[in-house]
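Below: the structure, in structure tokens.
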Amino acid sequence: MRTMTICLALLLTACAGNDVQHYANKQPKLDVAAFFGGTTDAWGMFQKRDGEVVKRFHVEITGNRDGDSLLLDERFKYDDGSTQRRVWRLVAQDGGRWQGTAGDVKGEAHGEVAGNALRWQYTMLLPVDGRTYEMHFDDWMFLIDECTMINRASMRKFGIELGQVTLMFRKRSCSP
């Protein structure tokens, strides 16, 4: 019984995750609309849970205001030559919260900004070999300076991590 209680406690602690408010006093402060306004480049990779890199990619992101929304037009180019496009519509909410939608996202994405961090969670409809899988993404983005942000995302199915996505964003206006 004691072993089962310890295992249950460890499982619940592992699922609790970090609270974005932990970063509330960290600098520089992230302004999502300001960072993604204009053109931003990102370079990233997908790793399976054993660490094997299975995809690398470049993303060109164009951010524009559309009324109360921030539109992010993401154009992916993968190392195998394939391409993909995703358009996010993000809407700021009270208290540093954000909501978003995209064509390959089930329902709404939800995020919260505190200090230099953004936690962004959503369920992506991921096509693989003619089938579509619902994958839960838990993204953590950290502003490094006014030009650079790093993103680490955990991809899960049924609570089991299948892989991670790592990205580095750089505002094009900061390039020499």
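Ligands are numbered from 1 in the order shown, residues from 1 within each chain, and chains are lettered A, B, ... in the order they appear in the structure tokens.
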
Quick check for you: according to DSSP on this backbone, which residues of chain A are classed as strand (DSSP E or B)? Reply as a ChimeraX atom specification. /A:38-48,53-66,69-78,83-92,97-101,105-114,117-128,131-145,148-157,160-171

I want to know what sits within 12 Å of segment 34-51 of chain A, based on only C-alpha atoms, with residues of the same chain fewer than 6 positions away left out; could you give that as a ChimeraX atom specification? /A:28,57-66,69-79,88,90,116,118,141-156,160-175

Set the distance at 9 Å and use only C-alpha atoms: which residues neighbour Ala117 of chain A once local chain neighbours fewer than 3 positions away are removed? I'd like the list as a list in words.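 Selected residues are Val20, Gln21, Tyr23, Ala24, Lys26, Lys29, Leu30, Glu112, Val113, Ala114, Trp140, Met141, Phe142 and Leu143 of chain A.
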
Save out the residues we just selected, N, CA and C atoms, as an mmCIF file, in the first residue's frame.
```cif
data_model
loop_
_atom_site.group_PDB
_atom_site.id
_atom_site.type_symbol
_atom_site.label_atom_id
_atom_site.label_comp_id
_atom_site.auth_asym_id
_atom_site.auth_seq_id
_atom_site.Cartn_x
_atom_site.Cartn_y
_atom_site.Cartn_z
ATOM 1 N N VAL A 20 3.561 29.280 -14.898
ATOM 2 C CA VAL A 20 4.172 30.389 -15.620
ATOM 3 C C VAL A 20 4.393 31.598 -14.708
ATOM 4 N N GLN A 21 3.608 31.735 -13.654
ATOM 5 C CA GLN A 21 3.773 32.869 -12.740
ATOM 6 C C GLN A 21 5.115 32.846 -12.013
ATOM 7 N N TYR A 23 7.775 32.968 -13.380
ATOM 8 C CA TYR A 23 8.641 33.842 -14.168
ATOM 9 C C TYR A 23 8.173 35.300 -14.189
ATOM 10 N N ALA A 24 7.210 35.645 -13.361
ATOM 11 C CA ALA A 24 6.583 36.976 -13.386
ATOM 12 C C ALA A 24 7.583 38.119 -13.243
ATOM 13 N N LYS A 26 10.819 37.982 -14.135
ATOM 14 C CA LYS A 26 11.976 37.809 -15.026
ATOM 15 C C LYS A 26 11.938 38.845 -16.153
ATOM 16 N N LYS A 29 10.554 41.671 -20.179
ATOM 17 C CA LYS A 29 9.129 41.330 -20.213
ATOM 18 C C LYS A 29 8.719 41.001 -21.649
ATOM 19 N N LEU A 30 7.985 39.928 -21.808
ATOM 20 C CA LEU A 30 7.512 39.510 -23.119
ATOM 21 C C LEU A 30 6.214 40.208 -23.471
ATOM 22 N N GLU A 112 -0.623 31.823 -21.400
ATOM 23 C CA GLU A 112 -0.496 32.815 -20.350
ATOM 24 C C GLU A 112 0.933 33.335 -20.349
ATOM 25 N N VAL A 113 1.057 34.665 -20.285
ATOM 26 C CA VAL A 113 2.347 35.333 -20.242
ATOM 27 C C VAL A 113 2.601 35.820 -18.826
ATOM 28 N N ALA A 114 3.832 35.647 -18.366
ATOM 29 C CA ALA A 114 4.279 36.217 -17.089
ATOM 30 C C ALA A 114 5.766 36.499 -17.228
ATOM 31 N N TRP A 140 6.626 26.088 -23.974
ATOM 32 C CA TRP A 140 7.188 27.090 -23.067
ATOM 33 C C TRP A 140 8.126 27.957 -23.886
ATOM 34 N N MET A 141 7.799 29.248 -23.973
ATOM 35 C CA MET A 141 8.621 30.193 -24.723
ATOM 36 C C MET A 141 9.245 31.180 -23.744
ATOM 37 N N PHE A 142 10.544 31.461 -23.944
ATOM 38 C CA PHE A 142 11.274 32.367 -23.068
ATOM 39 C C PHE A 142 11.978 33.431 -23.902
ATOM 40 N N LEU A 143 11.648 34.696 -23.625
ATOM 41 C CA LEU A 143 12.291 35.812 -24.295
ATOM 42 C C LEU A 143 13.700 35.972 -23.727
#
```

Which residues are near segment 123-132 of chain A? Cut-off 7 Å, only C-alpha atoms, ignore same chain within fewer than 5 positions. Put them as a VMD selection string. chain A and resid 104 to 106 137

Generate the output file for the selected residues, N, CA and C atoms, as a compact mmCIF listing (two decimals), in the first residue's frame.
```
# COMPACT_ATOMS: atom_id res chain seq x y z
N ASP A 104 -5.24 23.51 -38.06
CA ASP A 104 -4.89 22.16 -37.63
C ASP A 104 -4.83 22.01 -36.12
N VAL A 105 -5.52 22.92 -35.41
CA VAL A 105 -5.61 22.86 -33.96
C VAL A 105 -7.05 22.57 -33.57
N LYS A 106 -7.25 21.58 -32.71
CA LYS A 106 -8.58 21.22 -32.26
C LYS A 106 -9.03 22.21 -31.19
N PHE A 137 0.14 19.58 -27.11
CA PHE A 137 1.39 20.33 -27.06
C PHE A 137 1.39 21.24 -25.84
```

All helix (DSSP H, G or I) positions in chain A, as JSON, numbers by chain: {"A": [2, 3, 4, 5, 6, 7, 8, 9, 10, 11, 12, 13, 14, 15, 16, 20, 21, 22, 23, 32, 33, 34, 35, 36, 94, 95, 96, 172, 173, 174]}

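The two atoms in question, atom CA of Gly107 of chain A and atom CA of Asn18 of chain A, are spaced 23.3 Å apart.
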